[in-house]
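Asks: I have a structure I would like to understand better, so I am pasting it below and will then ask my questions one at a time.
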Amino acid sequence: MVLMIDTTTEHIGKGIAEELTRSGESAVGFELVDTTGMNISHCVGCNYCWLKTPGVCTISDDYEPILRKMSNADQVWLISDTHFGFVSWQTKNIVDRIMPLVTMYLKFKDGQMRHVMRYDHQPDIGIIYTGDGDQAYLERWCQRTALNIGTRSLGVFSESSKKEAVSCML
Amino acid sequence: MHVVIINGSPRVQKYSNTEKIIAAFAKGLSEKGATFETYAISDRKTWDIIRDAYIKKDEILIALPLYVECVPGLLLEFLETLPRKDEQTRLSFLLQSGFAEGCQLRCGEAFLEKLPKYLNVRYGGCLVKGDNFGIRILDEEKQAQVTRPYQAMGELFAEGDGFFREEAKKFTGPEYFPFPIRLMMGLIFKPLGKKIFQKAAASLGCRVPLDERVWETGRN
């Protein structure tokens with residue numbers, strides 16, 4: 001399943017979903033979540049999802065259904081505006097709060113310390129961005145973020161090359 | 001030198017590891033005759049006051065925890081409210097994380113290196129240091145002990161070269177742990193590390209295993 005999480009002010013996710021439908025490979029199951037109007041807090045760093053209520057975020061807002069979808073998806077596409085060449089704070093908040101997917105336990109993987117995953121399945125991660133994104137940095141960050149959940153980056157695409165992004169979803 | 005220190009952690013100040021690090025760092029500044037004022041972005045109500053200090057003063061240090069390879073979302077939101085300034089202002093960073101190896105913080109550091117250009121201010125360098133996860137669960141005496149090295153970095157910063165000196169670069173420690181050390185840590189961690197975390201969890205009232213699964217994923 002392909003999950004798209006759209007935090008952009010122009011709601012560009014809608015057009016990407018249409019592009020995906022148009023591409024003909026309708027067998028691809030996808031879901032578009034537009035976060036407009038949702039109440040999604042930032043991560044407060046309480047560590048409760050590791051130490052007090054393992055796997056459960058202590059903040060009760062509109063985030064948990066999104067996290068469950070992310071946990072089950074094969075691909076998660078972050079559709080984001082950019083600022084300072086990076087994803088918006090709205091998108092960063094969504095990523096900061098994936099911590100319930102990993103446990104407090106640690107291990108070495110490929111020479112670096114990593115958290116032990118809570119579940120067997122994690123999604124690959126891609127980015128589609130609007131504005132003046134720092135392509136090289138976003139690619140680096142996406143790869144590192146995927147590494148944290150033991151998966152890989154699907155790539156980083158500006159809105160103008162959304163067709164390429166869609167071809168990665170098929 | 002007068003330094004405006006901004007704690008960029010979203011965690012409430014009382015439990016903030018970054019706050020403890022700032023305290024040790026600021027002690028080092030004082031030792032060398034520098035003065036400072038501190039703020040914390042965790043309380044949104046103070047954002048106008050912090051922004052005002054950022055605008056009026058020209059030596060700014062943002063101390064922050066690494067959140068998923070970069071700046072915490074809340075700090076990113078605060079940064080978007082800052083106006084562009086000029087070259088008179090120098091912006092430096094103290095980036096800390098739970099993971100111990102230097103390699104874990106480089107992606108975050110790379111963002112911070114470029115950030116001053118977007119804000120039209122001068123970059124004063126970034127002090128990078130991991131292995132801080134445990135600060136919160138230590139008693140006060142132990143906290144003072146593990147944060148003490150940051151005092152020397154405060155003294156160094158007061159000399160005026162930001163974090164560009166060799167001592168600041170060395171402060172990070174190893175980029176990767178050598179294989180024998182990884183092997184040893186792996187062996188020790190399995191029983192001991194788990195026990196430490198389980199004990200910390202029990203003290204918070206946790207009654208389930210730390211690797212508890214809350215839902216079944218589609219791929220199980």
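Ordered as shown in the structure tokens, chains take letters A, B, and onward, while each chain numbers its residues from 1 and ligands are numbered from 1 in the order shown.
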Give me, as a PyMOL selection string, the residues of chain B touching chain A, with the criterion being at most 7 Å (counting only C-alpha atoms).
Replies: chain B and resi 10-11+67-69+73-74+76-77+99+107+115+118+176+186+194+201+204-206+210-214+217-220
Asks: Emit the selected residues as a compact mmCIF listing (two decimals), in the first residue's frame, including N, CA and C atoms.
Replies:
```
# COMPACT_ATOMS: atom_id res chain seq x y z
N PRO B 10 12.16 20.58 22.62
CA PRO B 10 10.72 20.65 22.89
C PRO B 10 10.35 20.13 24.28
N ARG B 11 11.27 19.42 24.92
CA ARG B 11 10.95 18.82 26.22
C ARG B 11 10.89 19.90 27.30
N TYR B 67 16.60 15.38 16.52
CA TYR B 67 15.32 14.67 16.38
C TYR B 67 15.26 14.14 14.95
N VAL B 68 15.23 12.84 14.80
CA VAL B 68 15.21 12.20 13.48
C VAL B 68 16.11 12.92 12.48
N GLU B 69 17.42 12.87 12.78
CA GLU B 69 18.46 13.30 11.84
C GLU B 69 18.53 14.79 11.59
N GLY B 73 10.88 19.38 15.17
CA GLY B 73 9.81 20.12 14.47
C GLY B 73 9.47 21.44 15.15
N LEU B 74 9.41 21.42 16.47
CA LEU B 74 9.03 22.66 17.18
C LEU B 74 10.07 23.76 16.97
N LEU B 76 12.04 24.03 14.38
CA LEU B 76 11.88 24.42 12.98
C LEU B 76 10.77 25.47 12.85
N GLU B 77 9.68 25.24 13.58
CA GLU B 77 8.56 26.18 13.57
C GLU B 77 9.00 27.54 14.14
N PHE B 99 22.19 8.76 20.65
CA PHE B 99 23.19 7.89 20.03
C PHE B 99 24.59 8.47 20.28
N CYS B 107 24.25 14.49 9.74
CA CYS B 107 23.16 14.96 8.88
C CYS B 107 22.51 16.20 9.50
N LEU B 115 21.98 26.76 7.72
CA LEU B 115 20.88 27.58 8.25
C LEU B 115 21.21 29.08 8.36
N TYR B 118 20.45 31.17 5.33
CA TYR B 118 19.03 31.46 5.11
C TYR B 118 18.54 32.62 5.98
N TYR B 176 32.85 6.46 14.56
CA TYR B 176 32.26 5.11 14.63
C TYR B 176 32.99 4.38 15.76
N GLY B 186 27.84 -4.87 22.37
CA GLY B 186 26.72 -5.73 22.01
C GLY B 186 26.50 -6.81 23.06
N LYS B 194 19.40 -3.83 28.66
CA LYS B 194 17.97 -4.08 28.74
C LYS B 194 17.48 -3.92 30.17
N ALA B 201 11.96 2.06 33.10
CA ALA B 201 10.55 1.98 32.70
C ALA B 201 9.67 1.65 33.89
N LEU B 204 8.81 4.47 35.98
CA LEU B 204 7.80 5.37 35.39
C LEU B 204 6.40 4.75 35.45
N GLY B 205 6.33 3.51 35.96
CA GLY B 205 5.03 2.86 36.09
C GLY B 205 4.68 1.95 34.93
N CYS B 206 5.70 1.59 34.11
CA CYS B 206 5.44 0.72 32.97
C CYS B 206 5.24 -0.72 33.44
N LEU B 210 9.02 -3.76 27.07
CA LEU B 210 9.35 -2.57 26.29
C LEU B 210 9.22 -2.81 24.79
N ASP B 211 9.21 -4.09 24.37
CA ASP B 211 9.02 -4.36 22.94
C ASP B 211 7.59 -4.83 22.63
N GLU B 212 6.67 -4.47 23.51
CA GLU B 212 5.25 -4.78 23.31
C GLU B 212 4.76 -4.29 21.94
N ARG B 213 3.96 -5.13 21.28
CA ARG B 213 3.35 -4.70 20.01
C ARG B 213 1.94 -4.24 20.27
N VAL B 214 1.64 -3.04 19.82
CA VAL B 214 0.32 -2.47 20.09
C VAL B 214 -0.68 -2.88 19.03
N THR B 217 0.92 -5.53 12.21
CA THR B 217 1.11 -4.88 10.92
C THR B 217 0.72 -5.82 9.81
N GLY B 218 0.42 -5.24 8.64
CA GLY B 218 -0.07 -5.99 7.50
C GLY B 218 0.90 -7.07 7.05
N ARG B 219 2.17 -6.90 7.35
CA ARG B 219 3.19 -7.81 6.84
C ARG B 219 3.63 -8.87 7.83
N ASN B 220 2.95 -8.94 8.99
CA ASN B 220 3.42 -9.89 10.00
C ASN B 220 3.31 -11.34 9.55
```
Asks: Among region 3-215 of chain B, which ones does DSSP place in strand (DSSP E or B), written as a ChimeraX atom specification?
Replies: /B:3-7,35-40,59-65,67,70,90-96,122-129
Asks: Can you work out the spacing between CA of Phe163 (chain B) and CA of Arg90 (chain B) in Å, to one decimal?
Replies: 11.5 Å
Asks: Please return as a PyMOL selection string: the residues of region 5-216 of chain B that backbone DSSP assigns to helix (DSSP H, G or I).
Replies: chain B and resi 13-15+17-31+44-56+73-79+102-118+133-137+140-147+149-158+166-170+179-203
Asks: Contacts of Thr82 (chain A) at 8 Å or less, counting only C-alpha atoms, minus same-chain residues fewer than 6 places along, as a PyMOL selection string?
Replies: chain A and resi 88+129-133
Asks: Using N, CA and C atoms, can you export the residues from the last selection as a compact mmCIF listing (two decimals), in the first residue's frame?
Replies:
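Okay, part37.txt is ready:
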```txt
# COMPACT_ATOMS: atom_id res chain seq x y z
N SER A 88 8.93 21.26 5.70
CA SER A 88 8.28 22.19 6.62
C SER A 88 8.21 21.59 8.02
N TYR A 129 8.33 17.55 -2.91
CA TYR A 129 8.33 18.86 -2.28
C TYR A 129 7.97 20.00 -3.23
N THR A 130 7.45 21.07 -2.62
CA THR A 130 7.21 22.30 -3.37
C THR A 130 8.32 23.28 -3.01
N GLY A 131 8.48 24.32 -3.81
CA GLY A 131 9.39 25.41 -3.45
C GLY A 131 10.85 25.09 -3.67
N ASP A 132 11.70 25.87 -2.96
CA ASP A 132 13.12 25.86 -3.22
C ASP A 132 13.83 24.85 -2.29
N GLY A 133 13.54 23.59 -2.46
CA GLY A 133 14.16 22.56 -1.62
C GLY A 133 15.62 22.33 -1.98
```
Asks: Neighbours of Ile41 (chain B) within 9 Å (only C-alpha atoms; same-chain residues fewer than 3 positions away dropped), as an MDAnalysis selection string?
Replies: chainID B and resid 6:10 44:47 50 74:75 78
Asks: Given the selection you just returned, output its residues as a file containing N, CA and C atoms, formatted as an mmCIF file, in the first residue's frame.
Replies:
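See part11.cif below for the written result:
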```
data_model
loop_
_atom_site.group_PDB
_atom_site.id
_atom_site.type_symbol
_atom_site.label_atom_id
_atom_site.label_comp_id
_atom_site.auth_asym_id
_atom_site.auth_seq_id
_atom_site.Cartn_x
_atom_site.Cartn_y
_atom_site.Cartn_z
ATOM 1 N N ILE B 6 19.794 29.814 23.515
ATOM 2 C CA ILE B 6 18.410 29.350 23.333
ATOM 3 C C ILE B 6 18.380 27.827 23.389
ATOM 4 N N ASN B 7 17.622 27.299 24.337
ATOM 5 C CA ASN B 7 17.429 25.853 24.407
ATOM 6 C C ASN B 7 16.353 25.481 23.384
ATOM 7 N N GLY B 8 16.760 24.744 22.350
ATOM 8 C CA GLY B 8 15.849 24.400 21.259
ATOM 9 C C GLY B 8 15.126 23.085 21.460
ATOM 10 N N SER B 9 15.151 22.548 22.674
ATOM 11 C CA SER B 9 14.482 21.265 22.936
ATOM 12 C C SER B 9 12.987 21.459 23.183
ATOM 13 N N PRO B 10 12.156 20.578 22.623
ATOM 14 C CA PRO B 10 10.717 20.655 22.890
ATOM 15 C C PRO B 10 10.350 20.130 24.284
ATOM 16 N N ARG B 44 5.861 27.976 24.375
ATOM 17 C CA ARG B 44 5.521 28.881 23.259
ATOM 18 C C ARG B 44 5.242 30.308 23.699
ATOM 19 N N LYS B 45 4.731 30.439 24.944
ATOM 20 C CA LYS B 45 4.346 31.775 25.419
ATOM 21 C C LYS B 45 5.541 32.726 25.465
ATOM 22 N N THR B 46 6.769 32.156 25.471
ATOM 23 C CA THR B 46 7.953 33.015 25.586
ATOM 24 C C THR B 46 8.592 33.309 24.220
ATOM 25 N N TRP B 47 7.985 32.833 23.127
ATOM 26 C CA TRP B 47 8.614 32.980 21.808
ATOM 27 C C TRP B 47 8.866 34.441 21.412
ATOM 28 N N ILE B 50 11.959 35.578 23.197
ATOM 29 C CA ILE B 50 13.172 34.967 22.641
ATOM 30 C C ILE B 50 13.532 35.617 21.298
ATOM 31 N N LEU B 74 9.410 21.424 16.468
ATOM 32 C CA LEU B 74 9.034 22.655 17.184
ATOM 33 C C LEU B 74 10.069 23.760 16.975
ATOM 34 N N LEU B 75 11.346 23.398 16.975
ATOM 35 C CA LEU B 75 12.396 24.396 16.744
ATOM 36 C C LEU B 75 12.328 24.916 15.311
ATOM 37 N N PHE B 78 9.756 27.503 15.240
ATOM 38 C CA PHE B 78 10.238 28.755 15.827
ATOM 39 C C PHE B 78 11.178 29.484 14.860
#
```
Asks: Do you know which residues are at most 6 Å from Ile60 (chain B) counting only C-alpha atoms, after dropping those on the same chain fewer than 3 positions away, and could you put them as a ChimeraX atom specification?
Replies: /B:3-4,91
Asks: In Å to one decimal, how far is CA of Phe93 (chain B) from CA of Glu19 (chain B)?
Replies: 13.9 Å
Asks: What does the structure give for the distance between CA of Leu61 (chain B) and CA of Gly102 (chain B), in Å to one decimal?
Replies: 20.2 Å
Asks: Using only C-alpha atoms, which residue out of B:Asp48, B:Gly98, B:Pro174, B:Lys114 lies closest to Ile135 (chain B)?
Replies: B:Gly98
